[in-house]
Structure formats: structure tokens, C-alpha cells
>>> print(open('coords.cif').read())   # mmCIF, C-alpha atoms
data_run
loop_
_atom_site.label_atom_id
_atom_site.label_comp_id
_atom_site.auth_asym_id
_atom_site.auth_seq_id
_atom_site.Cartn_x
_atom_site.Cartn_y
_atom_site.Cartn_z
CA MET R 1 29.19 5.60 12.81
CA ALA R 2 25.70 4.18 12.55
CA LYS R 3 24.20 2.79 9.36
CA HIS R 4 20.70 4.08 8.64
CA GLU R 5 18.76 2.23 5.95
CA VAL R 6 15.35 2.94 4.48
CA GLU R 7 13.34 0.72 2.15
CA ILE R 8 10.60 2.56 0.27
CA THR R 9 7.99 0.73 -1.78
CA ILE R 10 5.68 2.80 -3.98
CA SER R 11 2.70 0.70 -5.04
CA LYS R 12 1.04 0.84 -8.45
CA GLN R 13 -1.68 2.97 -6.86
CA GLY R 14 0.87 5.37 -5.36
CA GLN R 15 0.58 4.23 -1.76
CA VAL R 16 3.92 4.21 0.03
CA ARG R 17 5.36 1.69 2.50
CA VAL R 18 8.43 2.86 4.35
CA HIS R 19 10.66 0.58 6.42
CA VAL R 20 13.26 2.42 8.47
CA LYS R 21 16.07 0.08 9.57
CA GLY R 22 18.97 0.48 11.94
CA VAL R 23 17.66 3.59 13.66
CA LYS R 24 17.10 3.19 17.36
CA GLY R 25 14.99 5.22 19.74
CA LYS R 26 13.60 8.62 18.84
CA GLY R 27 15.70 8.83 15.69
CA CYS R 28 13.28 6.60 13.80
CA LEU R 29 10.34 8.81 14.77
CA GLU R 30 12.20 11.75 13.25
CA TYR R 31 12.60 9.80 10.02
CA ALA R 32 8.90 8.87 10.13
CA LYS R 33 7.91 12.53 10.51
CA TRP R 34 10.24 13.67 7.75
CA LEU R 35 9.01 11.03 5.27
CA THR R 36 5.36 11.73 6.11
CA GLU R 37 5.91 15.43 5.32
CA ILE R 38 7.43 14.47 1.97
CA VAL R 39 4.74 12.01 0.89
CA GLY R 40 1.46 13.18 2.42
CA LYS R 41 -0.61 11.48 5.12
CA MET R 42 0.26 8.69 7.53
CA GLU R 43 -2.19 5.78 7.47
CA SER R 44 -0.44 3.58 10.00
CA GLN R 45 2.80 3.16 11.88
CA GLN R 46 4.21 0.06 13.49
CA LEU R 47 7.15 0.24 15.87
CA THR R 48 9.39 -2.80 15.94
CA SER R 49 11.60 -4.14 18.73
CA GLU R 50 14.63 -2.09 17.68
CA TYR R 51 12.76 1.10 18.50
CA TYR R 52 12.82 0.17 22.17
CA GLU R 53 16.55 -0.50 22.23
CA PRO R 54 18.70 2.26 23.74
CA GLU R 55 20.35 4.66 21.33
CA THR R 56 24.02 3.97 20.75
CA LYS R 57 26.14 6.56 22.47
CA ALA R 58 29.87 6.93 22.86
CA ARG R 59 30.87 8.37 26.19
CA ILE R 60 34.23 9.58 27.29
CA ASP R 61 34.87 10.67 30.83
CA LEU R 62 37.34 13.46 31.08
CA ARG R 63 38.70 13.75 34.56
CA GLU R 64 41.10 16.29 35.68
CA ASP R 65 42.97 16.16 38.88
CA LEU R 66 43.01 19.52 40.42
CA ARG R 67 45.92 19.93 42.66
CA THR R 68 46.48 23.01 44.58
CA GLU R 69 49.99 24.12 45.07
CA GLU R 70 51.04 24.03 48.58
CA MET Y 71 14.11 -3.16 12.47
CA SER Y 72 12.75 0.12 13.69
CA THR Y 73 9.51 1.22 12.20
CA VAL Y 74 7.17 0.53 9.30
CA LEU Y 75 4.95 3.30 7.93
CA ILE Y 76 2.10 3.24 5.44
CA LEU Y 77 1.64 6.61 3.77
CA THR Y 78 -0.97 7.96 1.37
CA PRO Y 79 0.39 10.51 -1.07
CA VAL Y 80 -0.90 14.05 -1.41
CA ILE Y 81 -0.02 15.62 -4.73
CA ILE Y 82 1.00 19.21 -4.15
CA GLY Y 83 3.19 21.05 -6.59
CA GLY Y 84 3.53 23.67 -9.25
CA TRP Y 85 2.78 23.01 -12.89
CA PRO Y 86 6.35 21.88 -13.77
CA VAL Y 87 6.19 19.21 -11.05
CA ILE Y 88 2.79 17.98 -12.28
CA THR Y 89 4.05 18.02 -15.87
CA ALA Y 90 7.08 15.91 -14.94
CA ALA Y 91 4.87 13.31 -13.24
CA ALA Y 92 2.41 13.30 -16.15
CA ALA Y 93 5.25 12.89 -18.66
CA GLY Y 94 6.66 9.96 -16.67
CA ALA Y 95 3.26 8.28 -16.51
CA ALA Y 96 2.65 8.93 -20.21
CA ALA Y 97 5.96 7.35 -21.18
CA SER Y 98 5.33 4.19 -19.19
CA LEU Y 99 1.76 3.81 -20.49
CA GLY Y 100 2.68 4.46 -24.13
CA LEU Y 101 0.90 7.82 -24.38
CA VAL Y 102 2.21 10.55 -26.65
CA VAL Y 103 2.19 14.27 -25.85
CA LYS Y 104 0.06 16.02 -28.40
CA GLU Y 105 1.94 18.76 -30.20
CA SER Y 106 -0.70 21.39 -29.98
CA VAL Y 107 -3.62 21.93 -27.65
CA LYS Y 108 -5.37 23.86 -30.40
CA GLN Y 109 -5.18 20.86 -32.72
CA ALA Y 110 -6.75 18.66 -30.07
CA VAL Y 111 -9.65 21.05 -29.56
CA GLN Y 112 -10.42 21.15 -33.28
CA GLU Y 113 -10.38 17.39 -33.58
CA SER Y 114 -12.60 16.82 -30.57
CA VAL Y 115 -15.23 19.17 -31.97
CA ALA Y 116 -15.27 17.23 -35.24
CA ASN Y 117 -16.02 13.86 -33.62
CA VAL Y 118 -18.78 12.72 -31.30
CA GLU Y 119 -17.01 11.24 -28.31
CA GLU Y 120 -17.66 9.88 -24.85
CA ASN Y 121 -16.10 11.92 -22.09
CA VAL Y 122 -15.02 10.97 -18.56
CA GLU Y 123 -13.38 13.26 -16.00
CA ILE Y 124 -11.58 12.22 -12.81
CA THR Y 125 -10.41 14.58 -10.09
CA LEU Y 126 -7.50 13.62 -7.87
CA ALA Y 127 -9.04 14.24 -4.45
CA GLU Y 128 -5.73 14.56 -2.64
CA SER Y 129 -4.15 17.06 -4.97
CA GLU Y 130 -3.33 20.72 -5.17
CA VAL Y 131 -1.79 22.30 -8.23
CA LEU Y 132 -0.16 25.51 -7.10
CA ALA Y 133 -1.34 28.42 -9.21
CA GLN Y 134 2.07 30.04 -9.17
CA ASN Y 135 3.07 30.94 -12.74
CA LEU Y 136 0.17 28.97 -14.14
CA ALA Y 137 -1.93 30.34 -16.95
CA THR Y 138 -5.59 29.37 -16.59
CA ASP Y 139 -5.75 27.64 -19.98
CA LYS Y 140 -2.65 25.55 -19.40
CA GLU Y 141 -3.08 21.83 -19.81
CA ILE Y 142 -1.28 18.73 -20.99
CA VAL Y 143 -2.83 16.74 -23.80
CA LEU Y 144 -1.81 13.11 -24.29
CA THR Y 145 -2.96 10.62 -26.88
CA LYS Y 146 -2.89 6.89 -27.40
CA GLY Y 147 -4.62 5.63 -30.52
CA ASP Y 148 -7.94 7.46 -30.67
CA VAL Y 149 -8.10 8.20 -26.93
CA GLU Y 150 -7.16 11.60 -25.63
CA LEU Y 151 -6.26 12.46 -22.01
CA ARG Y 152 -6.23 16.05 -20.79
CA ILE Y 153 -4.59 16.97 -17.49
CA ARG Y 154 -5.40 20.37 -16.07
CA ARG Y 155 -5.98 22.39 -12.92
CA ASP Y 156 -9.64 22.92 -12.04
CA GLU Y 157 -11.15 26.07 -10.50
CA ARG Y 158 -10.52 24.74 -6.98
CA GLY Y 159 -6.87 24.06 -7.72
CA ARG Y 160 -7.16 20.30 -7.91
CA CYS Y 161 -5.64 18.19 -10.65
CA THR Y 162 -8.16 16.67 -13.07
CA VAL Y 163 -7.75 14.08 -15.79
CA CYS Y 164 -10.30 14.02 -18.59
CA ALA Y 165 -10.41 11.05 -21.01
CA LYS Y 166 -12.32 11.01 -24.28
CA GLY Y 167 -12.28 8.94 -27.40
CA LYS Y 168 -14.52 7.87 -30.23
CA GLY Y 169 -15.69 4.28 -30.10
CA HIS Y 170 -14.93 3.76 -26.41
CA SER Y 171 -17.49 3.26 -23.66
CA LYS Y 172 -17.54 5.47 -20.56
CA ALA Y 173 -16.36 2.49 -18.50
CA GLU Y 174 -13.34 1.97 -20.76
CA LEU Y 175 -12.44 5.66 -20.65
CA LYS Y 176 -12.85 5.74 -16.88
CA GLN Y 177 -10.53 2.77 -16.55
CA MET Y 178 -7.90 4.49 -18.73
CA ALA Y 179 -8.17 7.74 -16.76
CA GLU Y 180 -7.85 5.86 -13.47
CA GLU Y 181 -4.86 3.89 -14.72
CA PHE Y 182 -3.22 7.15 -15.75
CA THR Y 183 -3.91 8.94 -12.44
CA GLN Y 184 -2.44 5.99 -10.53
CA LYS Y 185 0.69 5.97 -12.67
CA MET Y 186 0.99 9.74 -12.42
CA THR Y 187 0.70 9.54 -8.63
CA GLN Y 188 3.39 6.85 -8.54
CA CYS Y 189 5.70 8.99 -10.72
CA PHE Y 190 5.01 12.08 -8.58
CA VAL Y 191 5.87 10.23 -5.36
CA TYR Y 192 8.95 8.63 -6.91
CA ASN Y 193 10.31 11.99 -8.16
CA ARG Y 194 9.67 13.68 -4.82
CA VAL Y 195 11.05 10.90 -2.62
CA ALA Y 196 14.16 10.36 -4.81
CA SER Y 197 14.94 14.08 -4.74
CA GLU Y 198 14.48 14.46 -0.96
CA LEU Y 199 16.52 11.33 -0.17
CA LYS Y 200 19.37 12.67 -2.28
CA ASN Y 201 19.21 16.04 -0.48
CA LYS Y 202 19.39 14.23 2.86
CA GLY Y 203 22.58 12.46 1.81
CA PHE Y 204 21.16 8.98 1.17
CA GLN Y 205 22.77 6.72 -1.41
CA VAL Y 206 20.65 4.41 -3.52
CA ILE Y 207 21.73 0.82 -2.90
CA LYS Y 208 19.11 -0.91 -5.00
CA GLU Y 209 16.14 0.12 -7.09
CA GLU Y 210 13.78 -2.27 -8.82
CA THR Y 211 10.33 -2.54 -10.35
CA MET Y 212 8.47 -5.46 -8.85
CA GLN Y 213 6.10 -7.89 -10.59
CA ASP Y 214 3.06 -6.03 -9.26
CA GLU Y 215 4.45 -2.80 -10.86
CA SER Y 216 5.44 -1.31 -7.52
CA ILE Y 217 8.82 0.43 -7.28
CA ARG Y 218 11.18 -0.54 -4.46
CA ILE Y 219 14.07 1.72 -3.49
CA ASN Y 220 16.70 0.80 -0.88
CA VAL Y 221 18.82 3.66 0.41
CA ARG Y 222 21.53 4.03 3.04
CA ARG Y 223 23.48 6.71 4.83
CA TRP Y 224 26.07 6.77 7.59
CA VAL Y 225 25.48 8.95 10.59
CA ASP Y 226 27.91 10.00 13.32
#
>>> encode(input="coords.cif", output="C-alpha cells")
Amino acid sequence: MAKHEVEITISKQGQVRVHVKGVKGKGCLEYAKWLTEIVGKMESQQLTSEYYEPETKARIDLREDLRTEE
Amino acid sequence: MSTVLILTPVIIGGWPVITAAAAGAAASLGLVVKESVKQAVQESVANVEENVEITLAESEVLAQNLATDKEIVLTKGDVELRIRRDERGRCTVCAKGKGHSKAELKQMAEEFTQKMTQCFVYNRVASELKNKGFQVIKEETMQDESIRINVRRWVD
């Protein structure tokens, strides 16, 4: 399981700073879109190094030996 | 770290949502909800007062279930703040009070609109985060009066 953390700071004037942590790849853009829809308009967005890291994926290879009866 | 966003709030909501934000702002600024709008009107006619009105540019009060004469009246000392929906559907805050200059009233109205915006955003964000399954880890009011909320959720 992945831990997704968000830090939201609402200034005295009502402006909002959102810091999405622990979300790699496109997932953080989805959070950005969702939070923008909730609050209003996006003034700026800065992508940090974690954005460019590959998304964590668990992969299991299931192989089946198909044997034909002679 | 993934991304950092800076967002400007747009206040859109029905009258109950606006009322909740106004009540939150009033409580933190020491304003009292006036019992009767009628009483406020009578008193304002009796006194000669300065009057300042501010419109929240990025706002839309949804007309749903809203009577045209509906407004919230708040008082602090001899200053009165009225929050209502204007003809174009925007939220306006009107400040008036005997013995106060226009500049003082404008400052009070601006302080209130800022606090109301902060309360509106807080209520909306807190509600949506809860719906999305986030848990609040930490919440604090900073020295500069900003509110910081840290939330977390576990995803498969």
C-alpha cells in the first residue's frame, strides 16, 4: 500500500497552497486537478523530482505450462 | 515530494454554505449576529453613518432557495456588517457605523471578507478530504493566521 499525504495551507487572505507528497507519476496530477476543482483557480504548479519517478507497481507473472496429452 | 500548487479560491455555494462561512468568520473576529434584520434597518435610519460596500469578485451565491431580501447582519460595537447576494449573484459585504471613517469601515469589511473566504475554503476542503477517505494527522493555526492541515490516506 502507498501512503499519500497532502499538506494544505490556507492563508489569512484565503489563498491556498497544496503540497502533495508520496504520489508518483500521473497520480499527483489527478490530485492537483481534484483539489483545483474544489478550491477554484490554479495560479501555479511546480512538479518536484518525485513526479518523475516511476509509479510503484506490483507485478506477478502467471505462467501455465500447457501440456498436450499424447 | 510530488507537486506544489498555489490556488485562488472561488466562492460558489448556496446561502447555507455562505452563512456557515460568514458565521465562522464572525465568531473569530468577535462579531455578533444581529437578532433581527428589521431592527438593524430601523437603527440605521435613525443615525447618520458612513457606508462602504465590497463585492467579492470571485464569488457566486447560488439563487437556489434564496429569498431576494435574505441577508446576514453582524455587529461589533457600533459597526454593522451586512452580507447579501447582489443582483448579479455575487456576494457583497457592506460595512457601516457612526463615528468611523470610510477607510476604517473599508478595512473592517476587507478583514471580514478575507476571514470569510478562509472559512469557506476550510469548510469545503475539510469536507471533500473526508469524503475522499483522508484522515487528518495535524491541524494548526500558524502565527500569520494561516491554517495548516496535514492529511493522509493509504492507497492500494
>>> interface_residues(input="coords.cif", of="chain Y", to="chain R", cutoff="10 Å", atoms="all atoms listed in the file", output="VMD selection string")
chain Y and resid 71 to 82 128 180 to 192 194 to 196 198 to 199 204 to 212 214 to 226
>>> write_last_selection(input="coords.cif", atoms="C-alpha atoms", output="tab-separated table (two decimals), in the frame of the given file")
chain	number	residue	atom	x	y	z
Y	71	MET	CA	14.11	-3.16	12.47
Y	72	SER	CA	12.75	0.12	13.69
Y	73	THR	CA	9.51	1.22	12.20
Y	74	VAL	CA	7.17	0.53	9.30
Y	75	LEU	CA	4.95	3.30	7.93
Y	76	ILE	CA	2.10	3.24	5.44
Y	77	LEU	CA	1.64	6.61	3.77
Y	78	THR	CA	-0.97	7.96	1.37
Y	79	PRO	CA	0.39	10.51	-1.07
Y	80	VAL	CA	-0.90	14.05	-1.41
Y	81	ILE	CA	-0.02	15.62	-4.73
Y	82	ILE	CA	1.00	19.21	-4.15
Y	128	GLU	CA	-5.73	14.56	-2.64
Y	180	GLU	CA	-7.85	5.86	-13.47
Y	181	GLU	CA	-4.86	3.89	-14.72
Y	182	PHE	CA	-3.22	7.15	-15.75
Y	183	THR	CA	-3.91	8.94	-12.44
Y	184	GLN	CA	-2.44	5.99	-10.53
Y	185	LYS	CA	0.69	5.97	-12.67
Y	186	MET	CA	0.99	9.74	-12.42
Y	187	THR	CA	0.70	9.54	-8.63
Y	188	GLN	CA	3.39	6.85	-8.54
Y	189	CYS	CA	5.70	8.99	-10.72
Y	190	PHE	CA	5.01	12.08	-8.58
Y	191	VAL	CA	5.87	10.23	-5.36
Y	192	TYR	CA	8.95	8.63	-6.91
Y	194	ARG	CA	9.67	13.68	-4.82
Y	195	VAL	CA	11.05	10.90	-2.62
Y	196	ALA	CA	14.16	10.36	-4.81
Y	198	GLU	CA	14.48	14.46	-0.96
Y	199	LEU	CA	16.52	11.33	-0.17
Y	204	PHE	CA	21.16	8.98	1.17
Y	205	GLN	CA	22.77	6.72	-1.41
Y	206	VAL	CA	20.65	4.41	-3.52
Y	207	ILE	CA	21.73	0.82	-2.90
Y	208	LYS	CA	19.11	-0.91	-5.00
Y	209	GLU	CA	16.14	0.12	-7.09
Y	210	GLU	CA	13.78	-2.27	-8.82
Y	211	THR	CA	10.33	-2.54	-10.35
Y	212	MET	CA	8.47	-5.46	-8.85
Y	214	ASP	CA	3.06	-6.03	-9.26
Y	215	GLU	CA	4.45	-2.80	-10.86
Y	216	SER	CA	5.44	-1.31	-7.52
Y	217	ILE	CA	8.82	0.43	-7.28
Y	218	ARG	CA	11.18	-0.54	-4.46
Y	219	ILE	CA	14.07	1.72	-3.49
Y	220	ASN	CA	16.70	0.80	-0.88
Y	221	VAL	CA	18.82	3.66	0.41
Y	222	ARG	CA	21.53	4.03	3.04
Y	223	ARG	CA	23.48	6.71	4.83
Y	224	TRP	CA	26.07	6.77	7.59
Y	225	VAL	CA	25.48	8.95	10.59
Y	226	ASP	CA	27.91	10.00	13.32
>>> resolve_selection(input="coords.cif", expression="the PyMOL selection byres ((chain Y and resi 151-156) around 10)", output="MDAnalysis selection string")
chainID Y and resid 85 88:89 92 96 101:104 107 110 121:125 129:133 136:146 149:150 157:167 175 178:179 182:183
>>> write_last_selection(input="coords.cif", atoms="C-alpha atoms", output="PDB file, keeping the file's coordinate frame")
ATOM      1  CA  TRP Y  85       2.780  23.010 -12.890  1.00  0.00           C
ATOM      2  CA  ILE Y  88       2.790  17.980 -12.280  1.00  0.00           C
ATOM      3  CA  THR Y  89       4.050  18.020 -15.870  1.00  0.00           C
ATOM      4  CA  ALA Y  92       2.410  13.300 -16.150  1.00  0.00           C
ATOM      5  CA  ALA Y  96       2.650   8.930 -20.210  1.00  0.00           C
ATOM      6  CA  LEU Y 101       0.900   7.820 -24.380  1.00  0.00           C
ATOM      7  CA  VAL Y 102       2.210  10.550 -26.650  1.00  0.00           C
ATOM      8  CA  VAL Y 103       2.190  14.270 -25.850  1.00  0.00           C
ATOM      9  CA  LYS Y 104       0.060  16.020 -28.400  1.00  0.00           C
ATOM     10  CA  VAL Y 107      -3.620  21.930 -27.650  1.00  0.00           C
ATOM     11  CA  ALA Y 110      -6.750  18.660 -30.070  1.00  0.00           C
ATOM     12  CA  ASN Y 121     -16.100  11.920 -22.090  1.00  0.00           C
ATOM     13  CA  VAL Y 122     -15.020  10.970 -18.560  1.00  0.00           C
ATOM     14  CA  GLU Y 123     -13.380  13.260 -16.000  1.00  0.00           C
ATOM     15  CA  ILE Y 124     -11.580  12.220 -12.810  1.00  0.00           C
ATOM     16  CA  THR Y 125     -10.410  14.580 -10.090  1.00  0.00           C
ATOM     17  CA  SER Y 129      -4.150  17.060  -4.970  1.00  0.00           C
ATOM     18  CA  GLU Y 130      -3.330  20.720  -5.170  1.00  0.00           C
ATOM     19  CA  VAL Y 131      -1.790  22.300  -8.230  1.00  0.00           C
ATOM     20  CA  LEU Y 132      -0.160  25.510  -7.100  1.00  0.00           C
ATOM     21  CA  ALA Y 133      -1.340  28.420  -9.210  1.00  0.00           C
ATOM     22  CA  LEU Y 136       0.170  28.970 -14.140  1.00  0.00           C
ATOM     23  CA  ALA Y 137      -1.930  30.340 -16.950  1.00  0.00           C
ATOM     24  CA  THR Y 138      -5.590  29.370 -16.590  1.00  0.00           C
ATOM     25  CA  ASP Y 139      -5.750  27.640 -19.980  1.00  0.00           C
ATOM     26  CA  LYS Y 140      -2.650  25.550 -19.400  1.00  0.00           C
ATOM     27  CA  GLU Y 141      -3.080  21.830 -19.810  1.00  0.00           C
ATOM     28  CA  ILE Y 142      -1.280  18.730 -20.990  1.00  0.00           C
ATOM     29  CA  VAL Y 143      -2.830  16.740 -23.800  1.00  0.00           C
ATOM     30  CA  LEU Y 144      -1.810  13.110 -24.290  1.00  0.00           C
ATOM     31  CA  THR Y 145      -2.960  10.620 -26.880  1.00  0.00           C
ATOM     32  CA  LYS Y 146      -2.890   6.890 -27.400  1.00  0.00           C
ATOM     33  CA  VAL Y 149      -8.100   8.200 -26.930  1.00  0.00           C
ATOM     34  CA  GLU Y 150      -7.160  11.600 -25.630  1.00  0.00           C
ATOM     35  CA  GLU Y 157     -11.150  26.070 -10.500  1.00  0.00           C
ATOM     36  CA  ARG Y 158     -10.520  24.740  -6.980  1.00  0.00           C
ATOM     37  CA  GLY Y 159      -6.870  24.060  -7.720  1.00  0.00           C
ATOM     38  CA  ARG Y 160      -7.160  20.300  -7.910  1.00  0.00           C
ATOM     39  CA  CYS Y 161      -5.640  18.190 -10.650  1.00  0.00           C
ATOM     40  CA  THR Y 162      -8.160  16.670 -13.070  1.00  0.00           C
ATOM     41  CA  VAL Y 163      -7.750  14.080 -15.790  1.00  0.00           C
ATOM     42  CA  CYS Y 164     -10.300  14.020 -18.590  1.00  0.00           C
ATOM     43  CA  ALA Y 165     -10.410  11.050 -21.010  1.00  0.00           C
ATOM     44  CA  LYS Y 166     -12.320  11.010 -24.280  1.00  0.00           C
ATOM     45  CA  GLY Y 167     -12.280   8.940 -27.400  1.00  0.00           C
ATOM     46  CA  LEU Y 175     -12.440   5.660 -20.650  1.00  0.00           C
ATOM     47  CA  MET Y 178      -7.900   4.490 -18.730  1.00  0.00           C
ATOM     48  CA  ALA Y 179      -8.170   7.740 -16.760  1.00  0.00           C
ATOM     49  CA  PHE Y 182      -3.220   7.150 -15.750  1.00  0.00           C
ATOM     50  CA  THR Y 183      -3.910   8.940 -12.440  1.00  0.00           C
TER      51      THR Y 183
END
>>> atom_distance(input="coords.cif", atom1="CA of Pro86 (chain Y)", atom2="CA of Gly203 (chain Y)")
24.4 Å
>>> atom_distance(input="coords.cif", atom1="CA of Lys176 (chain Y)", atom2="CA of Ala90 (chain Y)")
22.5 Å
>>> atom_distance(input="coords.cif", atom1="CA of Ala97 (chain Y)", atom2="CA of His170 (chain Y)")
21.8 Å
